[in-house]
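The structure under discussion appears below in the form of structure tokens.
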Amino acid sequence: MNAIEKIEVDTLVVGSGIAGLQSALDLADQGYSVAIVEKAPSIGGKMISLSKVFPTLDCASCITTPRMASVSHHPRITTLTYSTVDAIKREGKTFTAAVTRKPRYIDEKECISCKRCEEVCPVLLPDEYEVGMGAKKTISIPFTNAIPQLPVMHPEHCIRCGACARACPKDCIEFLQEPAPVEIKAKAVILATGYETTPMTAKKQYGLGKLPNVISPMAAERLLAPHGPYGRVLRPSDGMVPGSIAYVQCAGSRDKSIGIPYCSRVCCMYAIKQAILLSGSLPIADITIYYMDIRAFGKGYEQFYNNARAMGINFVKAKVARITEDEKHNPILRIERQEGTSGPEEVKHELVILSQGLVPGHDASSFGLGTQNNDFGFVKLSDEMVSSAVTAGAGVFAAGVVKGPRDIPDSVVDAGSAAMEAANYMRKL
Ligand SMILES: Cc1cc2nc3c(=O)[nH]c(=O)nc-3n(C[C@H](O)[C@H](O)[C@H](O)COP(=O)(O)OP(=O)(O)OC[C@H]3O[C@@H](n4cnc5c(N)ncnc54)[C@H](O)[C@@H]3O)c2cc1C
């Protein structure tokens, strides 16, 4: 059993998406020490896997990577990746978090990120970073610009051939590594556990996971990323360049039948962004967005939407009831238009993207910090009119989508206010 590693800091940040990274940097730059705990093997959250960002179409990883690097090199920030926060207790003015570092099965201190282990490993797995569209080795660095550049081994798929151990020049493969406990003491906590996209289990009629050419918006982000799985946009079933692409808006949002009546705020804009990017990479493709109404709420967003219309993207006000496919795996949408003609009709496309909504990434109330959730599981603020970061738990602040759906600029602004509120709180202790 590993001895408990003890870390003492001013603030614990849980989650390292753009909100967690920014709040950690804002606090550390003011002189506070921070520990940031991330359950994934790399910091960066969802933003690092996006293609470009609306409405500027700046490269997402070009914005995220420098922040990730600043966090990992900051002298006042300790980063724990591939680690879970199991419980946080408040004792007087101090929070004590029990954290488990999951085993990567390598010696992290000795590893020089040479990737020799990855090169020789003979076992391929679906790559979750590429939403299953690419393959990775059983021992591999999670993605090109991951931070830290450390491989993770998946022992359940390892065939114990020993090739990685023989290839490693630093002798750092450790097949018998165990989870390592870490105790973090902090004066304040910032929750930044973000989101997942709405599971489509309650919307089986859309065929996600069953129909190969019905894909998630995260898969579309990867197809559009310059370093994505295929290097260009190809549909999954047969590698064909799709000539007709459709977006189904509000797939898992504004839908009382699945218990998600709220608007996820970012889906209209990311669908428009992806449609614009698609029309750049596939100039002759026909792109249609089936929508209820377009919510272009932010600075420059309405102009972005108008640009998409002017570029020839079709916006069809219609509800999509279900999706089936023909013998060539072309998705067939059963739609009902909300304007003009009435009655259901069927339209065929070659690739369909479901604009899935956002749901909480983690039930933050499970940490037992006295925070409360709203009706949909996002962290509730004490008084939204007074502060955008203060929760019902004393010394506990929230940043980013953990509080409800929002875009990147709003998550960054939030991160600043969570850092500011945490600093104010710590000054008064
Ligand atoms: C398809 C798509 C495209 C988008 N495109 C854009 C765009 O172009 N422009 C834009 O402004 N917005 C866009 N967004 C929205 C954007 O992704 C979010 O606003 C932003 O990423 C939110 O960041 P966050 O830090 O709050 O959450 P996240 O990025 O979700 O980060 C949360 C982090 O917390 C970690 N975590 C979760 N639970 C735990 C736990 N218990 N312990 C430790 N770590 C934990 C997660 O692993 C994750 O790394 C898009 C969203 C989607 C779905």
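Identifiers for the structure tokens are assigned positionally: chains receive A, B, ... in sequence, residues are indexed from 1 per chain, and ligands are indexed from 1 in the order shown.
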Practice problem: List all protein, DNA and RNA residues that have any atom at most 6 Å from ligand 1, counting only C-alpha atoms and all ligand atoms, and write the list as a VMD selection string. | Solution: chain A and resid 14 to 20 37 to 40 44 to 47 52 to 54 84 to 85 192 to 195 217 to 218 266 270 361 to 362 400 to 402 406 to 409 411
Closest atom pairs, residues of segment 124-212 of chain A within 6 Å of segment 93-103 of chain A, only C-alpha atoms, as a tab-separated table:
```
residue	atom	partner	partner_atom	distance
A:Gln177	CA	A:Pro103	CA	5.9
A:Glu178	CA	A:Pro103	CA	5.6
A:Pro179	CA	A:Lys102	CA	4.8
A:Ala180	CA	A:Arg101	CA	5.0
A:Pro181	CA	A:Thr100	CA	4.7
A:Val182	CA	A:Val99	CA	5.0
A:Glu183	CA	A:Ala98	CA	5.1
A:Ile184	CA	A:Ala97	CA	5.1
A:Lys185	CA	A:Thr96	CA	4.6
A:Ala186	CA	A:Phe95	CA	5.2
A:Lys187	CA	A:Thr94	CA	5.0
```
Self-check item: Those in segment 98-327 of chain A with strand (DSSP E or B) from DSSP, as a ChimeraX atom specification
Solution: /A:98-101,106,124-126,135-137,139-140,152-153,173,180-186,188-191,195-197,214-215,244-251,255,260,286-291,314-325
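Here the question is which of A:Gln274, A:Ser83, A:Gln30, A:Thr78 gets nearest to Arg427 of chain A using only C-alpha atoms, and that residue is A:Gln30.
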Exercise. Determine which residues of segment 185-420 of chain A DSSP labels as alpha helix (DSSP H) from the backbone of this structure, then write them out as a VMD selection string.
Key: chain A and resid 217 to 224 267 to 281 301 to 310 408 to 420
Quiz item: When distances are computed from only C-alpha atoms, which of A:Thr288, A:Thr391, A:Ser72, A:Gln303 shows the smallest separation from Val316 of chain A?
Solution: A:Thr288
Practice problem: Provide the atom CA of Leu381 of chain A to atom CA of Asp86 of chain A distance in Å, to one decimal place. | Solution: 22.9 Å
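Closest approach to Asp326 of chain A among A:His349, A:Arg309, A:Lys403, A:Lys428 is made by A:His349 (distances from only C-alpha atoms).
Residues with any atom within 6 Å of Val13 of chain A, counting only C-alpha atoms and excluding same-chain neighbours fewer than 5 positions away, are Ile36, Val189 and Ile190 of chain A.
Atom CA of Gly368 of chain A is positioned 9.0 Å from atom CA of Arg90 of chain A.
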Quiz item: Pick from A:Lys89, A:Lys109, A:His227, A:Arg76: nearest to Cys59 of chain A, with only C-alpha atoms counted?
Solution: A:His227
Practice problem: Quick one: everything within 8 Å of segment 63-71 of chain A, counting only C-alpha atoms, minus sequence neighbours fewer than 4 positions away in the same chain. Send it as an NGL selection string. | Solution: :A and (18 or 21-22 or 24-25 or 43-44 or 47-48 or 58-59 or 77 or 79 or 145 or 147)
Quiz item: Contacts of Ile294 of chain A at 10 Å or less, counting only C-alpha atoms, minus same-chain residues fewer than 5 places along, as JSON, numbers by chain?
Solution: {"A": [249, 265, 267, 268, 269, 272, 302, 305, 315, 317]}
Store the residues picked out above, limited to N, CA and C atoms, as a compact mmCIF listing (two decimals), in the first residue's frame.
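The result, written out as selection_4.txt:
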```txt
# COMPACT_ATOMS: atom_id res chain seq x y z
N GLN A 249 -31.29 20.00 -34.24
CA GLN A 249 -31.14 20.86 -33.06
C GLN A 249 -32.00 20.35 -31.91
N ARG A 265 -28.02 26.42 -24.53
CA ARG A 265 -27.37 27.68 -24.90
C ARG A 265 -26.32 27.62 -26.00
N CYS A 267 -25.77 25.03 -28.31
CA CYS A 267 -25.96 24.08 -29.43
C CYS A 267 -26.23 24.79 -30.75
N CYS A 268 -27.05 25.88 -30.73
CA CYS A 268 -27.30 26.60 -31.99
C CYS A 268 -25.99 27.11 -32.55
N MET A 269 -25.19 27.69 -31.65
CA MET A 269 -23.95 28.32 -32.12
C MET A 269 -22.91 27.30 -32.57
N ILE A 272 -23.98 26.00 -35.98
CA ILE A 272 -23.70 26.99 -37.04
C ILE A 272 -22.20 27.02 -37.33
N GLU A 302 -25.34 36.90 -33.72
CA GLU A 302 -26.40 37.07 -34.73
C GLU A 302 -25.75 37.26 -36.12
N TYR A 305 -24.65 33.97 -37.42
CA TYR A 305 -25.81 33.23 -37.94
C TYR A 305 -26.19 33.76 -39.33
N PHE A 315 -31.56 26.58 -43.37
CA PHE A 315 -32.16 26.51 -42.03
C PHE A 315 -33.63 26.13 -42.22
N LYS A 317 -37.13 25.16 -40.34
CA LYS A 317 -37.83 25.13 -39.05
C LYS A 317 -38.70 23.88 -39.02
```
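Distances from A:Ala392, A:Arg295, A:Gly259, A:Ile245 to Lys348 of chain A were compared using only C-alpha atoms, and the smallest one belongs to A:Ile245.
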Quiz item: From the list A:His157, A:Arg232, A:Arg104, A:Lys137, which residue is nearest Glu174 of chain A when using only C-alpha atoms?
Solution: A:Arg104
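Across the model, the gap from atom CA of Asp293 of chain A to atom CA of Leu234 of chain A is 28.7 Å.
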